[in-house]
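Below is one structure, written out as structure tokens, with a few remarks after it.
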Amino acid sequence: MDTSFLHDTGQNNMTIPATLHTVFSFGLGTDGELGNGGEDNQTKPEEIPGLKGTTITDVACGSRHTLALSDQGQLYSWGSNETGQLGRNPTRLRTPQSIESMENFLITTITAGENHSIAVTNSGQVFSWGGNTFGQLGQGDKEMRLKPSLIKELANQFIVSTAAGYRHSLFLTIHGDVHVCGKGSDGQLGMGDKEDRRFPALLSGLSGKAVISLHAGESHSAARTISGKVYTWGANQFGQLGLGDDKSRSMPTPIASVSGVVAVSCGSNHTLALAKGQLYTWGQGSFHQLGHKTNTNEYTPKLLMDMMGSGKIEKIVGQTRSSMALRVTEEGSRSVLSWGANSSGQLGVGDTKPRELPTVIEGLQDKNVTFISGGSMHSLAIAGDITDLKIPVATLTLDKIKAAITQAKTTLKYSQVEGLLTSVFPFASSLNASFLREDHMETSEEYSGLDLPAVREVYLKLLGLSRPEIGAALLNSTSKLLSNLYSQAHPSTHIHHFAPDSPESLRVYLIILENPLLLQTTKQNITILEKLCSLMMSLSPMSKRILKSWWKKLPSEFFAKVVAVFQDFLTFSVTQSMSSQTVSSVSILSELYAINEEVNIIPYTKFYNFSVSRRNLKEDFAQWKQGSSNVFSFCKYLFLLDPEAKSALLHLDAMHMMSHQLGVTFIENQLLGIQDAPFLVFSVKRDSIVEDALHQLAMKSERDLRKPLKVIFEGEEGVDEGGLAKEFFQLVLEKLFDPAYGMFTFDEISRTCWFNMNSMESNSQFKLIGAMLGIAIYNGIVLDLHFPLVAYKKLLKLKPNLNDLKEASPALASSLEKLLNFEGNVENLETYFEVTTDFFGAPKVTPLIENGSQIQVNNDNRKRYVDLYVDFVLSKSVAPQFEAFSEGFFQAAGTQLITLFHPDEIQVLIMGNPEDPNFDQLEASCSYEGYAKGEPYIQEMWKILKDFDSQQKKRFLTFCTGSDRIPVGGLSRLKLVVQLNGGDTERLPTASTCFNVFLLPRYSSAEKMKDKILAAIEYSQGFGLK
């Protein structure tokens, strides 16, 4: 043991000796614990004669007794035996003797407590014997055992490692679970209370944490995970838990101040840890057992400076009031060092004087010591060769799976592959310890340490076998895993209980979500996803934060896979009307969407859900309008809706507001005598359309702008059924965007327009344009505008960048990009923090910063210069114009929904889609006047139109509708009308763009019809800036 009460070699199952030849002992010998045949103390290491010729592979030291294990699994014991701890009649032994009752078992692991002993067989069975005052033997009572007895409570568990404290015991299963029994008065069992346990109980506080080694002091305990995290619990009066205080803990608590730990050892009231080649000690220091040349206690891990830079430390051991370490130099020379109390010679330095600092045990120099162990006041060392031992907990790696698959293909027996899966996947700790990267010791809240490409390859290789039993094993194991995790959740508060704050315990979620089978809609998969969503929803806030941090750093293909899994589950939940599942999947997708908005991993369109988008959203809209935070509504999650659904929702909102305004108007008219029109009416003259619109807009209240639009052209007959409104928009915007007005500049390369910083027009005209866009959205009218996307970004208060300038002004953006990438001395370009613009033929210089005309751009500040330049062009220089435009837009749009859109979604709402036209959709929604649907002439017309290339199709759309953009929802929403316009003639076809009417004569032949249509669309000009 590493104290007077624990077999803990400090090796943490990393290595064990093989072909060992010599065992040395030193220190207290009054009960024969040194095994040399006498009862005298030894201040120097001496070989144990009784073990000469026997290859010893493990040694465990109790308070005053010792156990040894041979390479043949033979168990020996000697020393004190007052409670039967030697596994025989209560007579002490001064020399090693075989425990006869264990001779038929192959022992693999041994542990010694203060006066009890534990042994584990190669089949994972556990035997205990000796003192049992507090139930530390796990036999269900408090009676001592003179001979080894099987712990029946653990018969169904495969135990791989154990640890023993003063009166408590810890057991580690092959699947990483921890069981505890014995004394609990100081919380050393970690069960959340201070009760004793006579039977081994599952320590749920460590479930899923990938524990691979256990350690115990007098009344405190520790566990180390595969990625080097240390948890401590129990007594803490000396700071032995390393948590920064002297308060005891009854639950495993992580030590935050040290990570990447590869070895731990507990003394009676102090602890040692080896991390990144450095030794840390903490706890009781009154006997100099911490090695810091002081006798003060340390409450957090403190680096032992005297052990730095003098070789690699391989082994550490904590004892009652002293410590030991095994160090190996680069040349391979091995030294054992000891420090602390030495009243019985337990330091092995030739005297009984204490040592404040680590001191080399000269008697073990040049002995090739590979193993050390310590009891209360006696110590042992083993000299010989060493062989690596693998991690004791069952884990999986890509190489293991590959090897199993190769063998299975050779033997045509796939049971080994299936067995690997079923031995790891159902168990959280084992799975969390699997598929790790080489640098997994750096695991943190920001880094999972998981090799996700390896996980993906494992799934692909397994499913590539096309063996039903393998797929079934994967899903069944995953289902069992989730059931295990689910059962560990607290039943009342449903708070996630299995590792709420442990990064290592969350790897299972990344692994599960990589399974391609989860994308298949089956009953079992739905059950799996239900449990998965429930578990993820009940994670602690810290665990959620960790998981989101990992998701944020996923490569796009892995992040997209996570999104796809929950999208499919949401689709199924919606189609099957599974309300709770819908809420949970939407909640998780909402978190993923927020991450994607922050770091832009995948296109936001990947979050569109077709089933949600195509459902009737009226009820959701009504619930959302009620404003209840307790009622679920898809309107709170607009990221799930595609542009068509968003457009429908926006129109619902518009109709709701219009209906409300109509109702208010009716009440005022009928009851209050207030005369108010039920429509937003613009009455304009064609020759003064802008002035009329501007004047009347100024007279309208926001309430007026919520009414349905009606347009009257003075002096003309006709009722506005939509066509006049569309023409009104076309004419007003054509005038306002006319270069003669000077409100906008036009870029010949990008074919886009931007606000003119030198415009002499009043801001009210920019407000009119904004209002026109808002009214168009409100009334479902698509406009042919040429704003770059950045205009819509700015409406949503998003900061423009250089990429935005590339669309608005490609030549300028290219110059700025060249400046950023210039490899020479930027100062040679003689550029300053200023912008020179044209002001009616004269240059105008504007400093970008104070005294910018005197500050030269150099290699260090050029990024700032470019950012300021972009901000000037797209924001500051046009701030008054854009603010007026934005004010008019939101005054007219007047809906909170619009702020939840993406910039390009607003662009599509206003301008339609720029995608290639689908004339099958156009044909499906087309109506005819004078022609019959399906008649040969019409069939020939559609054949001609569908054979057009993309540009010809767009010109045809412009000819008929005034725009080549596709309405939200596709061309089926356009409602083209083909109208007969006389018989055969030389006239070209014509169109009424306001009403989407194509006026087509009945030409004498298909060839003539094609020529005339092409001529018409080539030579006419649709609306818009050219």
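By order in the structure tokens, chains are A, B, ...; within a chain, residues start at 1; ligands start at 1, following the order shown.
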
*Among the residues of stretch 584-825 of chain A, find those DSSP assigns to strand (DSSP E or B) from the backbone and print them as a VMD selection string.*
chain A and resid 680 to 684 709 to 713 744 to 747 752 to 755

*Shell around A:Lys975 at 6 Å using only C-alpha atoms, local window under 2 positions removed, as a PyMOL selection string*: chain A and resi 925-926+973

Let's have the selection written as a PDB file, in the first residue's frame, with C-alpha atoms.
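Output saved as selection35.pdb:
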```pdb
ATOM      1  CA  SER A 925     -49.390  27.660 -62.568  1.00  0.00           C
ATOM      2  CA  CYS A 926     -50.030  29.359 -65.915  1.00  0.00           C
ATOM      3  CA  ARG A 973     -46.203  31.591 -57.357  1.00  0.00           C
TER       4      ARG A 973
END
```

Compile the contact shell of stretch 821-830 of chain A as an mmCIF file with N, CA and C atoms, in the first residue's frame: residues with an atom at most 12 Å away, counting only C-alpha atoms, same-chain residues fewer than 5 positions apart removed.
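Listing of around-v4.cif after writing:
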```
data_model
loop_
_atom_site.group_PDB
_atom_site.id
_atom_site.type_symbol
_atom_site.label_atom_id
_atom_site.label_comp_id
_atom_site.auth_asym_id
_atom_site.auth_seq_id
_atom_site.Cartn_x
_atom_site.Cartn_y
_atom_site.Cartn_z
ATOM 1 N N SER A 814 -10.676 45.036 -54.301
ATOM 2 C CA SER A 814 -9.467 44.372 -54.802
ATOM 3 C C SER A 814 -8.224 45.174 -54.442
ATOM 4 N N SER A 815 -8.290 46.499 -54.555
ATOM 5 C CA SER A 815 -7.141 47.342 -54.209
ATOM 6 C C SER A 815 -6.803 47.225 -52.734
ATOM 7 N N LEU A 816 -7.829 47.242 -51.891
ATOM 8 C CA LEU A 816 -7.598 47.127 -50.453
ATOM 9 C C LEU A 816 -7.045 45.747 -50.092
ATOM 10 N N SER A 853 -4.407 62.379 -42.106
ATOM 11 C CA SER A 853 -3.632 62.795 -43.279
ATOM 12 C C SER A 853 -2.142 62.855 -42.980
ATOM 13 N N GLN A 854 -1.774 62.834 -41.695
ATOM 14 C CA GLN A 854 -0.349 62.823 -41.325
ATOM 15 C C GLN A 854 0.120 61.446 -40.843
ATOM 16 N N ILE A 855 -0.805 60.495 -40.748
ATOM 17 C CA ILE A 855 -0.434 59.156 -40.253
ATOM 18 C C ILE A 855 -0.315 58.205 -41.435
ATOM 19 N N GLN A 856 0.886 57.677 -41.659
ATOM 20 C CA GLN A 856 1.146 56.838 -42.821
ATOM 21 C C GLN A 856 0.754 55.383 -42.528
ATOM 22 N N VAL A 857 0.225 54.726 -43.530
ATOM 23 C CA VAL A 857 -0.122 53.311 -43.415
ATOM 24 C C VAL A 857 1.151 52.481 -43.523
ATOM 25 N N ASN A 858 1.327 51.530 -42.592
ATOM 26 C CA ASN A 858 2.494 50.643 -42.632
ATOM 27 C C ASN A 858 2.049 49.202 -42.488
ATOM 28 N N ASN A 859 3.012 48.298 -42.415
ATOM 29 C CA ASN A 859 2.685 46.863 -42.345
ATOM 30 C C ASN A 859 1.925 46.513 -41.076
ATOM 31 N N ASP A 860 2.132 47.259 -40.019
ATOM 32 C CA ASP A 860 1.490 46.941 -38.747
ATOM 33 C C ASP A 860 0.059 47.463 -38.657
ATOM 34 N N ASN A 861 -0.209 48.619 -39.269
ATOM 35 C CA ASN A 861 -1.538 49.222 -39.093
ATOM 36 C C ASN A 861 -2.422 49.125 -40.329
ATOM 37 N N ARG A 862 -1.972 48.414 -41.355
ATOM 38 C CA ARG A 862 -2.760 48.377 -42.598
ATOM 39 C C ARG A 862 -4.114 47.689 -42.424
ATOM 40 N N LYS A 863 -4.204 46.710 -41.532
ATOM 41 C CA LYS A 863 -5.493 46.048 -41.297
ATOM 42 C C LYS A 863 -6.495 47.053 -40.734
ATOM 43 N N TYR A 865 -6.386 50.260 -41.208
ATOM 44 C CA TYR A 865 -6.694 51.191 -42.295
ATOM 45 C C TYR A 865 -7.786 50.628 -43.202
ATOM 46 N N VAL A 866 -7.655 49.367 -43.575
ATOM 47 C CA VAL A 866 -8.640 48.749 -44.464
ATOM 48 C C VAL A 866 -10.007 48.696 -43.784
#
```

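Excluding stretch 639-649 of chain A itself and any same-chain residue fewer than 4 positions from it, the protein and nucleic acid residues within 8 Å of it, counting only C-alpha atoms, are A:Tyr593, A:Tyr604, A:Thr605, A:Phe607, A:Tyr608, A:Asn609, A:Phe610, A:Val612, A:Ser613, A:Arg614, A:Leu617, A:Phe621, A:Phe634, A:Asp653, A:Phe901, A:Glu905, A:Val908, A:Leu909, A:Val968, A:Gly969.
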
*Rounded to one decimal place, report the atom CA of A:Trp551-atom CA of A:Leu529 distance in Å.*
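Computed distance, atom CA of A:Trp551 to atom CA of A:Leu529, equals 18.1 Å.
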
*Per DSSP on the backbone, filter stretch 339-495 of chain A down to the residues in helix (DSSP H, G or I) and report them as a PyMOL selection string.*
chain A and resi 362-364+398-411+415-424+428-432+440-442+452-463+468-487

*asked:* Could you check the closest approach to A:Leu519 for each of A:Val562, A:Thr271, A:Asp366, A:His21 and tell me which residue wins, using only C-alpha atoms?
replied: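 Residue with the minimum atom-to-atom distance to A:Leu519: A:Val562.
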
*Near A:Gly32, within 9 Å and counting only C-alpha atoms, which residues show up once chain neighbours fewer than 2 positions away are dropped, as a VMD selection string?*
chain A and resid 28 to 30 34 to 40 64 to 65 78 to 80 92 to 95

Would you output that residue set with N, CA, C and O atoms, as a PDB file, in the first residue's frame?
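Below is the file that was written, part-v7.pdb:
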```pdb
ATOM      1  N   LEU A  28      10.416  -0.549   9.414  1.00  0.00           N
ATOM      2  CA  LEU A  28       9.903  -1.220  10.599  1.00  0.00           C
ATOM      3  C   LEU A  28       9.790  -2.728  10.368  1.00  0.00           C
ATOM      4  O   LEU A  28       9.289  -3.165   9.339  1.00  0.00           O
ATOM      5  N   GLY A  29      10.244  -3.512  11.386  1.00  0.00           N
ATOM      6  CA  GLY A  29      10.194  -4.960  11.224  1.00  0.00           C
ATOM      7  C   GLY A  29       9.703  -5.693  12.443  1.00  0.00           C
ATOM      8  O   GLY A  29       9.826  -6.918  12.531  1.00  0.00           O
ATOM      9  N   THR A  30       9.078  -4.979  13.394  1.00  0.00           N
ATOM     10  CA  THR A  30       8.734  -5.587  14.683  1.00  0.00           C
ATOM     11  C   THR A  30       7.692  -6.682  14.573  1.00  0.00           C
ATOM     12  O   THR A  30       7.579  -7.524  15.478  1.00  0.00           O
ATOM     13  N   LEU A  34       9.004  -7.150   7.289  1.00  0.00           N
ATOM     14  CA  LEU A  34      10.080  -7.048   6.297  1.00  0.00           C
ATOM     15  C   LEU A  34      10.356  -8.393   5.617  1.00  0.00           C
ATOM     16  O   LEU A  34      11.026  -8.431   4.582  1.00  0.00           O
ATOM     17  N   GLY A  35       9.852  -9.485   6.206  1.00  0.00           N
ATOM     18  CA  GLY A  35       9.967 -10.797   5.576  1.00  0.00           C
ATOM     19  C   GLY A  35      11.351 -11.386   5.609  1.00  0.00           C
ATOM     20  O   GLY A  35      11.644 -12.349   4.876  1.00  0.00           O
ATOM     21  N   ASN A  36      12.243 -10.870   6.489  1.00  0.00           N
ATOM     22  CA  ASN A  36      13.633 -11.361   6.518  1.00  0.00           C
ATOM     23  C   ASN A  36      13.869 -12.394   7.604  1.00  0.00           C
ATOM     24  O   ASN A  36      14.996 -12.792   7.869  1.00  0.00           O
ATOM     25  N   GLY A  37      12.801 -12.812   8.290  1.00  0.00           N
ATOM     26  CA  GLY A  37      12.915 -13.828   9.312  1.00  0.00           C
ATOM     27  C   GLY A  37      13.096 -13.282  10.701  1.00  0.00           C
ATOM     28  O   GLY A  37      13.054 -14.035  11.677  1.00  0.00           O
ATOM     29  N   GLY A  38      13.321 -11.967  10.835  1.00  0.00           N
ATOM     30  CA  GLY A  38      13.528 -11.374  12.147  1.00  0.00           C
ATOM     31  C   GLY A  38      12.473 -10.333  12.445  1.00  0.00           C
ATOM     32  O   GLY A  38      11.487 -10.167  11.719  1.00  0.00           O
ATOM     33  N   GLU A  39      12.718  -9.584  13.564  1.00  0.00           N
ATOM     34  CA  GLU A  39      11.775  -8.550  13.981  1.00  0.00           C
ATOM     35  C   GLU A  39      12.465  -7.212  14.192  1.00  0.00           C
ATOM     36  O   GLU A  39      11.919  -6.306  14.818  1.00  0.00           O
ATOM     37  N   ASP A  40      13.681  -7.128  13.672  1.00  0.00           N
ATOM     38  CA  ASP A  40      14.435  -5.889  13.818  1.00  0.00           C
ATOM     39  C   ASP A  40      14.124  -4.937  12.671  1.00  0.00           C
ATOM     40  O   ASP A  40      13.803  -5.357  11.541  1.00  0.00           O
ATOM     41  N   ARG A  64       1.141  -3.280   8.947  1.00  0.00           N
ATOM     42  CA  ARG A  64       2.237  -4.086   9.485  1.00  0.00           C
ATOM     43  C   ARG A  64       2.241  -5.479   8.865  1.00  0.00           C
ATOM     44  O   ARG A  64       2.694  -6.432   9.480  1.00  0.00           O
ATOM     45  N   HIS A  65       1.702  -5.578   7.655  1.00  0.00           N
ATOM     46  CA  HIS A  65       1.781  -6.855   6.941  1.00  0.00           C
ATOM     47  C   HIS A  65       2.054  -6.577   5.467  1.00  0.00           C
ATOM     48  O   HIS A  65       1.911  -5.446   4.996  1.00  0.00           O
ATOM     49  N   TRP A  78       3.067 -12.124   4.751  1.00  0.00           N
ATOM     50  CA  TRP A  78       3.869 -12.203   5.970  1.00  0.00           C
ATOM     51  C   TRP A  78       3.648 -10.951   6.810  1.00  0.00           C
ATOM     52  O   TRP A  78       3.097  -9.947   6.333  1.00  0.00           O
ATOM     53  N   GLY A  79       4.049 -10.991   8.068  1.00  0.00           N
ATOM     54  CA  GLY A  79       3.913  -9.868   8.982  1.00  0.00           C
ATOM     55  C   GLY A  79       2.807 -10.089   9.991  1.00  0.00           C
ATOM     56  O   GLY A  79       2.458 -11.229  10.329  1.00  0.00           O
ATOM     57  N   SER A  80       2.232  -9.026  10.489  1.00  0.00           N
ATOM     58  CA  SER A  80       1.196  -9.073  11.512  1.00  0.00           C
ATOM     59  C   SER A  80      -0.050  -9.796  10.980  1.00  0.00           C
ATOM     60  O   SER A  80      -0.388  -9.699   9.807  1.00  0.00           O
ATOM     61  N   ARG A  92       1.329 -14.510  13.278  1.00  0.00           N
ATOM     62  CA  ARG A  92       2.144 -13.684  12.410  1.00  0.00           C
ATOM     63  C   ARG A  92       3.285 -14.502  11.818  1.00  0.00           C
ATOM     64  O   ARG A  92       3.739 -15.494  12.402  1.00  0.00           O
ATOM     65  N   LEU A  93       3.769 -14.062  10.652  1.00  0.00           N
ATOM     66  CA  LEU A  93       4.846 -14.739   9.934  1.00  0.00           C
ATOM     67  C   LEU A  93       5.985 -13.765   9.684  1.00  0.00           C
ATOM     68  O   LEU A  93       5.752 -12.597   9.349  1.00  0.00           O
ATOM     69  N   ARG A  94       7.193 -14.231   9.836  1.00  0.00           N
ATOM     70  CA  ARG A  94       8.357 -13.389   9.619  1.00  0.00           C
ATOM     71  C   ARG A  94       8.963 -13.591   8.237  1.00  0.00           C
ATOM     72  O   ARG A  94       9.860 -12.844   7.848  1.00  0.00           O
ATOM     73  N   THR A  95       8.468 -14.615   7.533  1.00  0.00           N
ATOM     74  CA  THR A  95       8.971 -14.884   6.183  1.00  0.00           C
ATOM     75  C   THR A  95       7.788 -15.112   5.254  1.00  0.00           C
ATOM     76  O   THR A  95       6.705 -15.511   5.693  1.00  0.00           O
TER      77      THR A  95
END
```

Go through stretch 246-321 of chain A residue by residue and, counting only C-alpha atoms, keep those with an atom at most 9 Å from stretch 441-464 of chain A; for each kept residue give the shortest atom pair and its distance in Å to one decimal, ordered by chain and increasing number, as a tab-separated table.
```
residue	atom	partner	partner_atom	distance
A:Ser259	CA	A:Met441	CA	7.7
A:Gly260	CA	A:Met441	CA	4.9
A:Val261	CA	A:Met441	CA	7.9
A:Val262	CA	A:Met441	CA	8.9
```

Those selected residues, please, written with C-alpha atoms and delivered as a PDB file, in the first residue's frame.
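Dumped everything to selection_8.pdb:
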```pdb
ATOM      1  CA  SER A 259      -4.139  18.264 -15.177  1.00  0.00           C
ATOM      2  CA  GLY A 260      -2.523  15.690 -17.428  1.00  0.00           C
ATOM      3  CA  VAL A 261      -1.822  13.460 -14.426  1.00  0.00           C
ATOM      4  CA  VAL A 262      -0.268  10.063 -15.217  1.00  0.00           C
TER       5      VAL A 262
END
```

_Within 8 Å of stretch 745-748 of chain A using only C-alpha atoms, minus same-chain residues under 6 positions, as a list in words_ =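 Non-adjacent residues within range: Pro739, Trp754, Phe755, Asn756, Ala808 and Ser809 of chain A.
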
*Interatomic distance, atom CA of A:Ala698 to atom CA of A:Cys753 (Å, one decimal)*: 25.4 Å
